[in-house]
Structure formats: structure tokens, C-alpha cells
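Have a look at my_file.tsv; it's TSV, N, CA, C and O atoms:
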chain	number	residue	atom	x	y	z
A	229	MET	N	171.40	116.80	94.04
A	229	MET	CA	171.04	116.20	95.30
A	229	MET	C	172.01	115.08	95.61
A	229	MET	O	172.48	114.38	94.73
A	230	GLY	N	172.31	114.87	96.86
A	230	GLY	CA	173.18	113.79	97.28
A	230	GLY	C	172.48	112.89	98.28
A	230	GLY	O	171.41	113.21	98.76
A	231	TRP	N	173.10	111.78	98.58
A	231	TRP	CA	172.59	110.93	99.66
A	231	TRP	C	173.01	111.58	100.94
A	231	TRP	O	174.09	112.14	101.05
A	232	GLY	N	172.21	111.48	101.99
A	232	GLY	CA	172.46	112.27	103.17
A	232	GLY	C	172.90	111.55	104.41
A	232	GLY	O	173.01	112.16	105.46
A	233	ASN	N	173.16	110.27	104.37
A	233	ASN	CA	173.48	109.55	105.59
A	233	ASN	C	174.98	109.52	105.87
A	233	ASN	O	175.53	108.50	106.24
A	234	SER	N	175.64	110.65	105.70
A	234	SER	CA	177.05	110.76	106.07
A	234	SER	C	177.35	112.20	106.42
A	234	SER	O	176.72	113.13	105.90
A	235	GLN	N	178.33	112.38	107.29
A	235	GLN	CA	178.72	113.74	107.63
A	235	GLN	C	179.41	114.43	106.47
A	235	GLN	O	179.38	115.66	106.37
A	236	ASP	N	180.02	113.67	105.57
A	236	ASP	CA	180.60	114.28	104.37
A	236	ASP	C	179.51	114.96	103.55
A	236	ASP	O	179.70	116.08	103.04
A	237	THR	N	178.37	114.33	103.43
A	237	THR	CA	177.27	114.91	102.66
A	237	THR	C	176.69	116.11	103.37
A	237	THR	O	176.46	117.15	102.75
A	238	THR	N	176.43	115.98	104.69
A	238	THR	CA	175.87	117.14	105.39
A	238	THR	C	176.83	118.32	105.33
A	238	THR	O	176.39	119.47	105.18
A	239	GLN	N	178.14	118.06	105.41
A	239	GLN	CA	179.12	119.15	105.31
A	239	GLN	C	179.06	119.79	103.93
A	239	GLN	O	179.13	121.02	103.80
A	240	GLY	N	178.90	118.97	102.89
A	240	GLY	CA	178.77	119.50	101.54
A	240	GLY	C	177.55	120.37	101.37
A	240	GLY	O	177.59	121.40	100.68
A	241	VAL	N	176.45	119.99	102.02
A	241	VAL	CA	175.24	120.80	101.97
A	241	VAL	C	175.47	122.12	102.71
A	241	VAL	O	175.13	123.20	102.22
A	242	MET	N	176.07	122.03	103.90
A	242	MET	CA	176.33	123.25	104.68
A	242	MET	C	177.28	124.20	103.94
A	242	MET	O	177.13	125.42	104.01
A	243	ASP	N	178.24	123.63	103.22
A	243	ASP	CA	179.21	124.45	102.47
A	243	ASP	C	178.67	124.94	101.13
A	243	ASP	O	179.30	125.75	100.47
A	244	GLY	N	177.53	124.43	100.71
A	244	GLY	CA	176.92	124.87	99.46
A	244	GLY	C	177.36	124.11	98.22
A	244	GLY	O	176.98	124.47	97.12
A	245	TYR	N	178.14	123.04	98.38
A	245	TYR	CA	178.56	122.23	97.24
A	245	TYR	C	177.48	121.25	96.80
A	245	TYR	O	177.47	120.80	95.67
A	246	ILE	N	176.59	120.92	97.71
A	246	ILE	CA	175.46	120.03	97.43
A	246	ILE	C	174.20	120.82	97.76
A	246	ILE	O	174.11	121.42	98.83
A	247	ASN	N	173.24	120.84	96.85
A	247	ASN	CA	172.03	121.64	97.04
A	247	ASN	C	171.09	121.05	98.10
A	247	ASN	O	170.51	121.77	98.89
A	248	ALA	N	170.93	119.74	98.07
A	248	ALA	CA	170.01	119.08	99.00
A	248	ALA	C	170.41	117.62	99.11
A	248	ALA	O	171.08	117.08	98.23
A	249	ALA	N	170.02	117.01	100.20
A	249	ALA	CA	170.34	115.60	100.42
A	249	ALA	C	169.16	114.94	101.13
A	249	ALA	O	168.28	115.60	101.65
A	250	MET	N	169.19	113.63	101.19
A	250	MET	CA	168.11	112.86	101.80
A	250	MET	C	168.62	112.19	103.06
A	250	MET	O	169.65	111.53	103.04
A	251	TRP	N	167.90	112.35	104.15
A	251	TRP	CA	168.21	111.68	105.42
A	251	TRP	C	167.19	110.57	105.62
A	251	TRP	O	165.99	110.77	105.47
A	252	GLN	N	167.68	109.39	105.94
A	252	GLN	CA	166.80	108.26	106.24
A	252	GLN	C	167.34	107.59	107.48
A	252	GLN	O	168.49	107.16	107.52
A	253	ASP	N	166.51	107.51	108.49
A	253	ASP	CA	166.93	106.93	109.76
A	253	ASP	C	166.72	105.42	109.73
A	253	ASP	O	165.59	104.95	109.57
A	254	PRO	N	167.79	104.63	109.87
A	254	PRO	CA	167.66	103.17	109.83
A	254	PRO	C	166.73	102.61	110.89
A	254	PRO	O	166.01	101.64	110.64
A	255	GLN	N	166.70	103.19	112.08
A	255	GLN	CA	165.80	102.69	113.12
A	255	GLN	C	164.35	102.89	112.72
A	255	GLN	O	163.52	102.01	112.93
A	256	ALA	N	164.02	104.05	112.16
A	256	ALA	CA	162.65	104.30	111.74
A	256	ALA	C	162.25	103.34	110.63
A	256	ALA	O	161.13	102.83	110.62
A	257	THR	N	163.16	103.07	109.72
A	257	THR	CA	162.86	102.17	108.62
A	257	THR	C	162.54	100.77	109.13
A	257	THR	O	161.55	100.16	108.73
A	258	SER	N	163.35	100.25	110.04
A	258	SER	CA	163.12	98.89	110.52
A	258	SER	C	161.89	98.82	111.41
A	258	SER	O	161.13	97.86	111.35
A	259	TYR	N	161.66	99.83	112.24
A	259	TYR	CA	160.50	99.82	113.13
A	259	TYR	C	159.20	99.82	112.34
A	259	TYR	O	158.28	99.08	112.65
A	260	VAL	N	159.12	100.66	111.33
A	260	VAL	CA	157.89	100.74	110.53
A	260	VAL	C	157.63	99.41	109.82
A	260	VAL	O	156.50	98.92	109.80
A	261	GLY	N	158.68	98.81	109.29
A	261	GLY	CA	158.53	97.51	108.63
A	261	GLY	C	158.02	96.45	109.58
A	261	GLY	O	157.13	95.65	109.24
A	262	LEU	N	158.56	96.41	110.78
A	262	LEU	CA	158.11	95.43	111.77
A	262	LEU	C	156.67	95.68	112.19
A	262	LEU	O	155.89	94.73	112.37
A	263	SER	N	156.30	96.93	112.35
A	263	SER	CA	154.92	97.26	112.72
A	263	SER	C	153.94	96.83	111.64
A	263	SER	O	152.88	96.28	111.92
A	264	MET	N	154.30	97.08	110.38
A	264	MET	CA	153.42	96.69	109.28
A	264	MET	C	153.32	95.17	109.16
A	264	MET	O	152.25	94.64	108.87
A	265	ALA	N	154.41	94.46	109.42
A	265	ALA	CA	154.36	92.99	109.41
A	265	ALA	C	153.45	92.48	110.51
A	265	ALA	O	152.67	91.53	110.31
A	266	ALA	N	153.51	93.09	111.69
A	266	ALA	CA	152.64	92.69	112.80
A	266	ALA	C	151.18	92.96	112.45
A	266	ALA	O	150.30	92.15	112.77
A	267	MET	N	150.92	94.09	111.80
A	267	MET	CA	149.54	94.39	111.38
A	267	MET	C	149.04	93.33	110.41
A	267	MET	O	147.91	92.83	110.55
A	268	ALA	N	149.86	92.99	109.43
A	268	ALA	CA	149.46	91.99	108.44
A	268	ALA	C	149.18	90.64	109.11
A	268	ALA	O	148.21	89.96	108.78
A	269	ALA	N	150.03	90.27	110.07
A	269	ALA	CA	149.84	89.00	110.79
A	269	ALA	C	148.54	89.00	111.59
A	269	ALA	O	147.93	87.96	111.79
A	270	ALA	N	148.11	90.19	112.02
A	270	ALA	CA	146.87	90.31	112.79
A	270	ALA	C	145.64	90.48	111.91
A	270	ALA	O	144.54	90.65	112.40
A	271	GLY	N	145.85	90.46	110.58
A	271	GLY	CA	144.72	90.57	109.67
A	271	GLY	C	144.39	91.99	109.24
A	271	GLY	O	143.38	92.21	108.56
A	272	VAL	N	145.19	92.96	109.63
A	272	VAL	CA	144.97	94.35	109.21
A	272	VAL	C	145.79	94.58	107.95
A	272	VAL	O	147.00	94.42	107.96
A	273	PRO	N	145.13	94.93	106.84
A	273	PRO	CA	145.88	95.14	105.60
A	273	PRO	C	146.80	96.36	105.71
A	273	PRO	O	146.33	97.47	105.95
A	274	PRO	N	148.11	96.16	105.56
A	274	PRO	CA	149.06	97.28	105.69
A	274	PRO	C	149.22	98.04	104.38
A	274	PRO	O	150.28	98.09	103.80
A	275	GLY	N	148.16	98.66	103.92
A	275	GLY	CA	148.20	99.39	102.66
A	275	GLY	C	148.52	100.86	102.85
A	275	GLY	O	147.70	101.72	102.55
A	276	PHE	N	149.70	101.15	103.36
A	276	PHE	CA	150.09	102.53	103.63
A	276	PHE	C	151.29	102.91	102.78
A	276	PHE	O	152.13	102.09	102.46
A	277	ASN	N	151.39	104.19	102.47
A	277	ASN	CA	152.61	104.75	101.91
A	277	ASN	C	153.32	105.44	103.07
A	277	ASN	O	152.86	106.45	103.57
A	278	VAL	N	154.41	104.86	103.51
A	278	VAL	CA	155.11	105.37	104.68
A	278	VAL	C	156.48	105.90	104.25
A	278	VAL	O	157.26	105.16	103.66
A	279	TYR	N	156.72	107.14	104.56
A	279	TYR	CA	158.01	107.75	104.25
A	279	TYR	C	158.81	107.87	105.54
A	279	TYR	O	158.31	108.39	106.53
A	280	VAL	N	160.02	107.38	105.52
A	280	VAL	CA	160.85	107.43	106.72
A	280	VAL	C	162.13	108.24	106.46
A	280	VAL	O	163.14	108.04	107.10
A	281	GLY	N	162.04	109.14	105.55
A	281	GLY	CA	163.17	109.98	105.23
A	281	GLY	C	162.71	111.41	105.03
A	281	GLY	O	161.52	111.69	105.00
A	282	THR	N	163.67	112.30	104.91
A	282	THR	CA	163.34	113.70	104.67
A	282	THR	C	164.42	114.34	103.81
A	282	THR	O	165.58	113.96	103.89
A	283	LEU	N	164.01	115.26	103.01
A	283	LEU	CA	164.94	116.03	102.19
A	283	LEU	C	165.38	117.24	103.02
A	283	LEU	O	164.55	117.90	103.64
A	284	TYR	N	166.67	117.49	103.07
A	284	TYR	CA	167.14	118.66	103.80
A	284	TYR	C	168.04	119.51	102.92
A	284	TYR	O	168.66	119.03	101.99
A	285	GLU	N	168.06	120.79	103.24
A	285	GLU	CA	168.88	121.75	102.53
A	285	GLU	C	169.79	122.47	103.52
A	285	GLU	O	169.83	122.11	104.71
A	286	LYS	N	170.49	123.47	103.06
A	286	LYS	CA	171.50	124.15	103.86
A	286	LYS	C	170.96	124.67	105.20
A	286	LYS	O	171.63	124.61	106.22
A	287	ASP	N	169.73	125.16	105.19
A	287	ASP	CA	169.18	125.78	106.40
A	287	ASP	C	168.99	124.82	107.57
A	287	ASP	O	168.97	125.24	108.73
A	288	ASN	N	168.87	123.51	107.31
A	288	ASN	CA	168.72	122.56	108.42
A	288	ASN	C	169.69	121.38	108.35
A	288	ASN	O	169.52	120.39	109.05
A	289	ALA	N	170.74	121.49	107.55
A	289	ALA	CA	171.72	120.40	107.42
A	289	ALA	C	172.49	120.16	108.71
A	289	ALA	O	172.84	119.03	109.03
A	290	LYS	N	172.73	121.21	109.51
A	290	LYS	CA	173.50	121.04	110.74
A	290	LYS	C	172.81	120.09	111.70
A	290	LYS	O	173.47	119.33	112.41
A	291	LEU	N	171.50	120.09	111.75
A	291	LEU	CA	170.76	119.17	112.61
A	291	LEU	C	171.15	117.73	112.30
A	291	LEU	O	171.50	116.96	113.20
A	292	TYR	N	171.14	117.34	111.03
A	292	TYR	CA	171.47	115.97	110.64
A	292	TYR	C	172.97	115.70	110.79
A	292	TYR	O	173.37	114.59	111.14
A	293	HIS	N	173.78	116.71	110.56
A	293	HIS	CA	175.22	116.59	110.77
A	293	HIS	C	175.52	116.24	112.23
A	293	HIS	O	176.30	115.34	112.52
A	294	ASP	N	174.84	116.94	113.15
A	294	ASP	CA	175.04	116.70	114.57
A	294	ASP	C	174.50	115.33	115.00
A	294	ASP	O	175.12	114.66	115.82
A	295	ILE	N	173.38	114.91	114.44
A	295	ILE	CA	172.83	113.60	114.77
A	295	ILE	C	173.83	112.50	114.40
A	295	ILE	O	174.09	111.59	115.19
A	296	MET	N	174.41	112.59	113.23
A	296	MET	CA	175.34	111.55	112.77
A	296	MET	C	176.67	111.62	113.50
A	296	MET	O	177.40	110.64	113.54
A	297	GLY	N	177.01	112.76	114.10
A	297	GLY	CA	178.27	112.90	114.80
A	297	GLY	C	178.18	112.55	116.28
A	297	GLY	O	179.20	112.52	116.97
A	298	ALA	N	176.97	112.27	116.76
A	298	ALA	CA	176.81	111.95	118.18
A	298	ALA	C	177.53	110.66	118.54
A	298	ALA	O	177.56	109.72	117.76
A	299	LYS	N	178.09	110.64	119.70
A	299	LYS	CA	178.83	109.45	120.15
A	299	LYS	C	178.01	108.70	121.16
A	299	LYS	O	177.38	109.19	122.00

Would you mind writing the file out in C-alpha cells?
Amino acid sequence: MGWGNSQDTTQGVMDGYINAAMWQDPQATSYVGLSMAAMAAAGVPPGFNVYVGTLYEKDNAKLYHDIMGAK
């Protein structure tokens, strides 16, 4: 498995050199953290397990490759 936040990694997955990689969206990570901090400040206990990433393999690597290549 490789880290997935680069087009080099997605290309490796598409080419079959890497079996699977992990995609984590920085915006999702920061938004969830801010939301949980706001909940805690309002007295709501933020006791959640929140996953903001996904494991991808060859069959859907192009989706993440295209996302990272967008201008």
C-alpha cells in the first residue's frame, strides 16, 4: 500500500505497481475538526470516530488521479 495524495501514487496504482493507496482530503479533515470543536464548545461531547479518507485500488484510482490533477 502507498500514500495516495499524489498523482505519482495514483499512477502507480493504475499501472499496477502499487496495490492500493489511501486518499485523504485536506478540506474534509479540517472541516470535521472545526465542526467537532464547535460541538465541544457548545457542550456536545464530540465522541465520534470520523474517517476522512478512503482506500482505493486500480479500479477507481483514476477518479483520485483526476481530482489531484484539476487546475

Please provide the set of residues having any atom within 5 Å of region 232-248 of chain A, restricted to all atoms listed in the file, with same-chain residues fewer than 6 positions apart removed, written as a ChimeraX atom specification. /A:284-286

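Across the structure, atom O of Asp253 (chain A) and atom O of Ala270 (chain A) are spaced 25.6 Å apart.
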
I'd like to know which of A:Lys290, A:Met267, A:Pro273, A:Met296 is closest to Pro254 (chain A), using only C-alpha atoms. A:Met296

Quick one: pull the distance between CA of Ala256 (chain A) and atom O of Ala269 (chain A), Å, one decimal. 22.0 Å

Chain A: residues DSSP assigns to strand (DSSP E), reported as a PyMOL selection string: chain A and resi 230-231+248-252+281-285

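The gap separating atom N of Val280 (chain A) from atom N of Gly297 (chain A) is 19.8 Å, in Å to one decimal.
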
Using DSSP on the backbone, list every residue of region 234-294 of chain A that comes out as helix (DSSP H, G or I), and give them as a VMD selection string. chain A and resid 235 to 243 254 to 269 286 to 294

From the structure block, carefully write region 251-268 of chain A out with N, CA and C atoms; format it as a PDB file, in the first residue's frame.
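The result, written out as out.pdb:
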ATOM      1  N   TRP A 251      -6.453   7.837   0.116  1.00  0.00           N
ATOM      2  CA  TRP A 251      -6.753   9.225  -0.239  1.00  0.00           C
ATOM      3  C   TRP A 251      -7.349   9.904   0.988  1.00  0.00           C
ATOM      4  N   GLN A 252      -6.827  11.069   1.309  1.00  0.00           N
ATOM      5  CA  GLN A 252      -7.363  11.853   2.418  1.00  0.00           C
ATOM      6  C   GLN A 252      -7.477  13.289   1.939  1.00  0.00           C
ATOM      7  N   ASP A 253      -8.679  13.814   1.996  1.00  0.00           N
ATOM      8  CA  ASP A 253      -8.925  15.163   1.520  1.00  0.00           C
ATOM      9  C   ASP A 253      -8.648  16.168   2.637  1.00  0.00           C
ATOM     10  N   PRO A 254      -7.687  17.081   2.442  1.00  0.00           N
ATOM     11  CA  PRO A 254      -7.357  18.052   3.485  1.00  0.00           C
ATOM     12  C   PRO A 254      -8.534  18.932   3.898  1.00  0.00           C
ATOM     13  N   GLN A 255      -9.402  19.302   2.966  1.00  0.00           N
ATOM     14  CA  GLN A 255     -10.557  20.130   3.329  1.00  0.00           C
ATOM     15  C   GLN A 255     -11.498  19.371   4.248  1.00  0.00           C
ATOM     16  N   ALA A 256     -11.741  18.100   3.961  1.00  0.00           N
ATOM     17  CA  ALA A 256     -12.624  17.308   4.809  1.00  0.00           C
ATOM     18  C   ALA A 256     -12.033  17.162   6.198  1.00  0.00           C
ATOM     19  N   THR A 257     -10.734  16.967   6.271  1.00  0.00           N
ATOM     20  CA  THR A 257     -10.074  16.808   7.559  1.00  0.00           C
ATOM     21  C   THR A 257     -10.229  18.059   8.409  1.00  0.00           C
ATOM     22  N   SER A 258      -9.982  19.228   7.836  1.00  0.00           N
ATOM     23  CA  SER A 258     -10.060  20.453   8.620  1.00  0.00           C
ATOM     24  C   SER A 258     -11.500  20.798   8.969  1.00  0.00           C
ATOM     25  N   TYR A 259     -12.434  20.575   8.059  1.00  0.00           N
ATOM     26  CA  TYR A 259     -13.833  20.893   8.319  1.00  0.00           C
ATOM     27  C   TYR A 259     -14.384  20.055   9.471  1.00  0.00           C
ATOM     28  N   VAL A 260     -14.094  18.770   9.462  1.00  0.00           N
ATOM     29  CA  VAL A 260     -14.599  17.889  10.517  1.00  0.00           C
ATOM     30  C   VAL A 260     -14.022  18.304  11.872  1.00  0.00           C
ATOM     31  N   GLY A 261     -12.737  18.632  11.895  1.00  0.00           N
ATOM     32  CA  GLY A 261     -12.118  19.078  13.139  1.00  0.00           C
ATOM     33  C   GLY A 261     -12.759  20.343  13.674  1.00  0.00           C
ATOM     34  N   LEU A 262     -13.032  21.288  12.804  1.00  0.00           N
ATOM     35  CA  LEU A 262     -13.672  22.533  13.229  1.00  0.00           C
ATOM     36  C   LEU A 262     -15.090  22.287  13.726  1.00  0.00           C
ATOM     37  N   SER A 263     -15.812  21.419  13.053  1.00  0.00           N
ATOM     38  CA  SER A 263     -17.180  21.092  13.482  1.00  0.00           C
ATOM     39  C   SER A 263     -17.186  20.446  14.861  1.00  0.00           C
ATOM     40  N   MET A 264     -16.254  19.526  15.090  1.00  0.00           N
ATOM     41  CA  MET A 264     -16.191  18.861  16.393  1.00  0.00           C
ATOM     42  C   MET A 264     -15.779  19.840  17.491  1.00  0.00           C
ATOM     43  N   ALA A 265     -14.892  20.776  17.180  1.00  0.00           N
ATOM     44  CA  ALA A 265     -14.513  21.797  18.164  1.00  0.00           C
ATOM     45  C   ALA A 265     -15.707  22.677  18.507  1.00  0.00           C
ATOM     46  N   ALA A 266     -16.506  23.033  17.514  1.00  0.00           N
ATOM     47  CA  ALA A 266     -17.707  23.841  17.757  1.00  0.00           C
ATOM     48  C   ALA A 266     -18.703  23.064  18.614  1.00  0.00           C
ATOM     49  N   MET A 267     -18.845  21.775  18.352  1.00  0.00           N
ATOM     50  CA  MET A 267     -19.739  20.953  19.175  1.00  0.00           C
ATOM     51  C   MET A 267     -19.277  20.939  20.620  1.00  0.00           C
ATOM     52  N   ALA A 268     -17.982  20.730  20.830  1.00  0.00           N
ATOM     53  CA  ALA A 268     -17.443  20.689  22.188  1.00  0.00           C
ATOM     54  C   ALA A 268     -17.670  22.025  22.898  1.00  0.00           C
TER      55      ALA A 268
END
